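Novice: After the structure tokens below, expect a handful of questions from me.
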Amino acid sequence: MEGTICMPSRYGRPIIMSRQMHARRLEGIDKNIWVEFTQLAADYQAVNLGQGFPDFAPPKFLQEAFCKAVSGGGLMHQYTRAFGHPSLVTILAQLFGRLVGHEIQPLEDVLVTIGAYQALFCTFQALVDEGDEVIIIEPFFDCYQPMVKMAGGKQVYMPLRPRGGSNLSSGDWVLCAEELASKFTAKTKAIVINTPNNPTGKVYKTEELQVIADLCIKHDVVCISDEVYEWLTYDGAKHVKIASLAGMWERTVTIGSAGKTFSATGLKVGWAIGPSRLIKHLKTVHQNSIYHCPTAAQVAVAEGFQTEYDRLGHPESYFQQLPTLFTHKRNKLAACLEIAGLRPTLPEGGYFMIADISSVSFDSDDSISQDEPLDYRFVKWLIKKKGLAAIPVSAFYSPEHGKEVQNYVRFCFTKEDSTLNAAEDIMKKWASEK
């Protein structure tokens with residue numbers, strides 16, 4: 001029966017535990033897209049353009065800062081301030097206060113977390129109550145949905161859709177203002193946005209953010225703004241923080257990531273920034289779960305940000321150089337995908353590129369379930385038969401809207417040129433076989 005566990009006893013007879021052992025809030029969220037497809041890519045030793053991490057080293061100044069921190073004496077290996085090391089919350093407040101146009105109090109308005117994941121978890125746990133509705137703009141990073149569910153909230157989905165039938169740029173994926181307005185009710189507690197967006201690469205324009213802001217203010221709703229790719233914009237696209245718009249600082253929690261900022265995803269240093277009246281509740285969740293984050297990593301990130309703060313806007317800034325590097329890699333991957341007949345959507349920001357697979361044909365074998373969405377079947381075929389890993393885009397949508405996007409798959413382009421070259425060789429070979 002469900003939940004039955006057999007355990008040996010001292011007398012050699014099993015003890016049967018028949019009660020349900022798991023909490024009901026976990027039901028329906030046990031599957032994870034990253035676990036499944038990362039393992040599949042490893043099993044077939046595929047070229048991995050699925051997972052969103054750079055396969056090259058972070059900047060030298062950050063590596064040096066980390067080495068300096070871990071060799072900086074005994075206190076670097078002990079507990080630090082629970083809600084963020086003083087040097088890190090100070091520079092975060094200085095930098096983002098400058099960007100938002102609002103004075104940020106480092107000890108009150110900033111919470112340092114174990115990556116952006118924990119910042120999101122704390123936010124949902126702290127602000128979403130049983131029965132609260134949370135509007136999630138699709139496509140969304142897949143942890144939003146289970147985190148809302150675990151908090152007792154109800155997910156309300158609002159999809160971005162390509163306009164005009166021609167989506168050569170991620171900017172062509174847009175919100176319908178009237179449809180969005182219809183999603184707000186008396187039960188709406190929060191809306192979640194992600195800009196630059198994963199997986200499309202969409203960078204929200206000021207006027208698009210203003211539509212969201214006006215609705216948040218009208219309905220007294222909190223905005224949870226996931227901005228982990230904020231420094232990675234291309235072709236003149238400009239990242240705008242929704243917290244910088246009039247009336248939005250007071251109701252926005254902004255999520256950030258040192259891993260995405262400095263190409264060092266293993267650091268697992270993130271943060272939530274917002275008014276103290278909201279952040280204090282996140283701190284309550286944090287102190288009763290994680291309590292504090294690794295000291296040396298925070299010190300290294302603080303020094304990295306200080307370095308960048310001093311040269312912000314200058315050519316030598318890593319925040320200036322990285323988008324230039326990634327633009328080259330983005331264009332290289334787009335050309336690579338076109339070789340095999342895929343139609344890429346050029347992203348304005350972030351790590352990822354989606355591609356339309358509707359013009360290519362493939363023969364999935366019996367090991368791939370025909371009941372799965374098209375993009376799932378294609379990605380499994382691509383890994384098993386071609387040795388190239390990607391991620392199905394419908395995984396970033398609700399079941400009700402996933403069918404609209406099953407012609408798309410996601411690739412990560414923030415890789416070494418040797419990795420992208422290997423992907424190009426696969427595409428050329430595939431094209432020659434057609």
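The way I read the labels, and the way they are meant: chains A, B, ... in the order of the structure tokens, residue 1 as the first residue of every chain, and ligand 1 as the first ligand shown, with later ones counted on from there.
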Run DSSP on the backbone and grab whatever in range 19-214 of chain A lands in alpha helix (DSSP H); send it over as an MDAnalysis selection string.
Specialist: chainID A and resid 33:43 60:70 86:100 115:127 144:150 177:183 206:214
Novice: For His239 in chain A, list every protein, DNA or RNA residue within 7 Å, evaluated using only C-alpha atoms, and leave out those in the same chain fewer than 2 positions away; present the list as a list in words.
Specialist: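 Residues meeting the cut-off are Val203, Glu230, Thr233, Ala237 and Lys241 of chain A.
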Novice: CA of Pro347 in chain A to CA of Lys434 in chain A: how many Å, to one decimal?
Specialist: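 One can read the CA of Pro347 in chain A to CA of Lys434 in chain A distance as 28.0 Å.
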Novice: Do you know which residues are at most 8 Å from range 296-301 of chain A counting only C-alpha atoms, after dropping those on the same chain fewer than 3 positions away, and could you put them as a PyMOL selection string?
Specialist: chain A and resi 62+65-66+68-70+76-77+84-85+87-88+258+267+269+293+304-305
Novice: Take the selection from the previous step and output its residues with N, CA and C atoms, as a PDB file, in the first residue's frame.
Specialist:
ATOM      1  N   LEU A  62      37.703  37.404  -9.126  1.00  0.00           N
ATOM      2  CA  LEU A  62      36.829  36.715  -8.183  1.00  0.00           C
ATOM      3  C   LEU A  62      37.525  35.472  -7.619  1.00  0.00           C
ATOM      4  N   ALA A  65      39.835  36.676  -5.032  1.00  0.00           N
ATOM      5  CA  ALA A  65      39.116  37.113  -3.836  1.00  0.00           C
ATOM      6  C   ALA A  65      38.700  35.920  -2.984  1.00  0.00           C
ATOM      7  N   PHE A  66      38.306  34.826  -3.655  1.00  0.00           N
ATOM      8  CA  PHE A  66      37.898  33.631  -2.910  1.00  0.00           C
ATOM      9  C   PHE A  66      39.105  32.993  -2.227  1.00  0.00           C
ATOM     10  N   LYS A  68      41.785  34.495  -1.286  1.00  0.00           N
ATOM     11  CA  LYS A  68      42.147  35.401  -0.198  1.00  0.00           C
ATOM     12  C   LYS A  68      41.221  35.202   1.001  1.00  0.00           C
ATOM     13  N   ALA A  69      39.946  35.001   0.732  1.00  0.00           N
ATOM     14  CA  ALA A  69      38.980  34.837   1.821  1.00  0.00           C
ATOM     15  C   ALA A  69      39.221  33.548   2.592  1.00  0.00           C
ATOM     16  N   VAL A  70      39.397  32.432   1.886  1.00  0.00           N
ATOM     17  CA  VAL A  70      39.553  31.153   2.584  1.00  0.00           C
ATOM     18  C   VAL A  70      40.881  31.060   3.329  1.00  0.00           C
ATOM     19  N   MET A  76      37.129  33.461   8.951  1.00  0.00           N
ATOM     20  CA  MET A  76      36.564  33.225   7.618  1.00  0.00           C
ATOM     21  C   MET A  76      35.916  31.844   7.516  1.00  0.00           C
ATOM     22  N   HIS A  77      36.178  30.988   8.496  1.00  0.00           N
ATOM     23  CA  HIS A  77      35.643  29.626   8.480  1.00  0.00           C
ATOM     24  C   HIS A  77      34.615  29.411   9.583  1.00  0.00           C
ATOM     25  N   GLY A  84      23.410  38.010   6.317  1.00  0.00           N
ATOM     26  CA  GLY A  84      24.348  38.466   5.303  1.00  0.00           C
ATOM     27  C   GLY A  84      25.574  39.089   5.924  1.00  0.00           C
ATOM     28  N   HIS A  85      26.740  38.696   5.442  1.00  0.00           N
ATOM     29  CA  HIS A  85      27.992  39.262   5.948  1.00  0.00           C
ATOM     30  C   HIS A  85      27.974  40.776   5.761  1.00  0.00           C
ATOM     31  N   SER A  87      30.069  43.110   4.937  1.00  0.00           N
ATOM     32  CA  SER A  87      30.661  43.706   3.732  1.00  0.00           C
ATOM     33  C   SER A  87      29.819  43.438   2.494  1.00  0.00           C
ATOM     34  N   LEU A  88      29.148  42.295   2.452  1.00  0.00           N
ATOM     35  CA  LEU A  88      28.336  41.977   1.274  1.00  0.00           C
ATOM     36  C   LEU A  88      27.034  42.764   1.257  1.00  0.00           C
ATOM     37  N   ALA A 258      24.825  35.800  -7.347  1.00  0.00           N
ATOM     38  CA  ALA A 258      26.249  36.002  -7.618  1.00  0.00           C
ATOM     39  C   ALA A 258      26.747  34.983  -8.631  1.00  0.00           C
ATOM     40  N   LEU A 267      29.089  28.927  -6.527  1.00  0.00           N
ATOM     41  CA  LEU A 267      29.203  29.749  -5.313  1.00  0.00           C
ATOM     42  C   LEU A 267      27.957  29.644  -4.442  1.00  0.00           C
ATOM     43  N   VAL A 269      25.586  31.872  -3.861  1.00  0.00           N
ATOM     44  CA  VAL A 269      25.324  33.083  -3.081  1.00  0.00           C
ATOM     45  C   VAL A 269      24.266  33.879  -3.832  1.00  0.00           C
ATOM     46  N   CYS A 293      24.763  31.861   5.688  1.00  0.00           N
ATOM     47  CA  CYS A 293      25.407  31.359   4.475  1.00  0.00           C
ATOM     48  C   CYS A 293      26.921  31.336   4.662  1.00  0.00           C
ATOM     49  N   GLY A 304      34.246  41.034  -5.087  1.00  0.00           N
ATOM     50  CA  GLY A 304      33.965  41.067  -6.524  1.00  0.00           C
ATOM     51  C   GLY A 304      33.062  42.227  -6.895  1.00  0.00           C
ATOM     52  N   PHE A 305      32.027  42.451  -6.108  1.00  0.00           N
ATOM     53  CA  PHE A 305      31.121  43.566  -6.379  1.00  0.00           C
ATOM     54  C   PHE A 305      31.811  44.913  -6.163  1.00  0.00           C
TER      55      PHE A 305
END
Novice: So which residues touch Val285 in chain A within 10 Å, counting only C-alpha atoms, skipping near sequence neighbours fewer than 4 positions away, as a ChimeraX atom specification?
Specialist: /A:121-126,280-281,289-291
Novice: Let's have the selection written as a short mmCIF file (atom, residue, chain, number, x, y, z; two decimals), in the first residue's frame, with C-alpha atoms.
Specialist:
data_model
loop_
_atom_site.label_atom_id
_atom_site.label_comp_id
_atom_site.auth_asym_id
_atom_site.auth_seq_id
_atom_site.Cartn_x
_atom_site.Cartn_y
_atom_site.Cartn_z
CA PHE A 121 11.86 29.84 -1.33
CA CYS A 122 12.04 32.32 1.56
CA THR A 123 9.92 34.80 -0.40
CA PHE A 124 7.12 32.37 -1.15
CA GLN A 125 7.14 30.86 2.33
CA ALA A 126 7.14 34.28 3.97
CA LYS A 280 11.82 40.96 7.71
CA HIS A 281 9.40 38.10 7.01
CA SER A 289 15.86 26.98 7.98
CA ILE A 290 19.35 27.89 6.75
CA TYR A 291 20.28 30.44 9.44
#
Novice: When you look at range 173-186 of chain A with a cut-off of 12 Å (counting only C-alpha atoms), what residues show up, excluding the ones that are within fewer than 4 positions of it in the same chain? I need them as a VMD selection string.
Specialist: chain A and resid 131 to 139 155 to 169 190 to 191 193 197 199 to 205 207 to 222 345 to 348 354 405
Novice: Figure out the distance between CA of Gly266 in chain A and CA of Phe83 in chain A, please, to one decimal in Å.
Specialist: 20.0 Å
Novice: Nearest residue to Glu372 in chain A out of A:Gly402, A:Gly349, A:Gly387, A:Gly52, using only C-alpha atoms?
Specialist: A:Gly402
Novice: Name the residues in contact with Tyr79 in chain A at a cut-off of 8 Å, using only C-alpha atoms, excluding same-chain residues fewer than 3 positions from it; report them as a ChimeraX atom specification.
Specialist: /A:75,82,292,294-295
Novice: Please dump the current selection as a JSON list (two decimals), in the first residue's frame; keep C-alpha atoms.
Specialist:
[["chain", "number", "residue", "atom", "x", "y", "z"],
["A", 75, "LEU", "CA", 36.97, 33.78, 11.36],
["A", 82, "ALA", "CA", 22.79, 35.39, 9.89],
["A", 292, "HIS", "CA", 23.34, 31.78, 7.64],
["A", 294, "PRO", "CA", 29.09, 30.40, 4.06],
["A", 295, "THR", "CA", 31.30, 33.24, 5.21]]
Novice: Quick one: of A:Ala246, A:Leu333, A:Ala46, A:Leu382, who's nearest to Lys415 in chain A, counting only C-alpha atoms?
Specialist: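 The closest residue to Lys415 in chain A is A:Leu333.
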Novice: Between CA of Gln94 in chain A and CA of Thr414 in chain A, what distance in Å does the model show, to one decimal?
Specialist: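 Taking CA of Gln94 in chain A as the start and CA of Thr414 in chain A as the end point, the length is 28.6 Å.
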Novice: Give me, as a ChimeraX atom specification, the residues of range 109-180 of chain A that a backbone DSSP run labels strand (DSSP E or B).
Specialist: /A:110-113,133-138,154-159,161-162,169,173-174
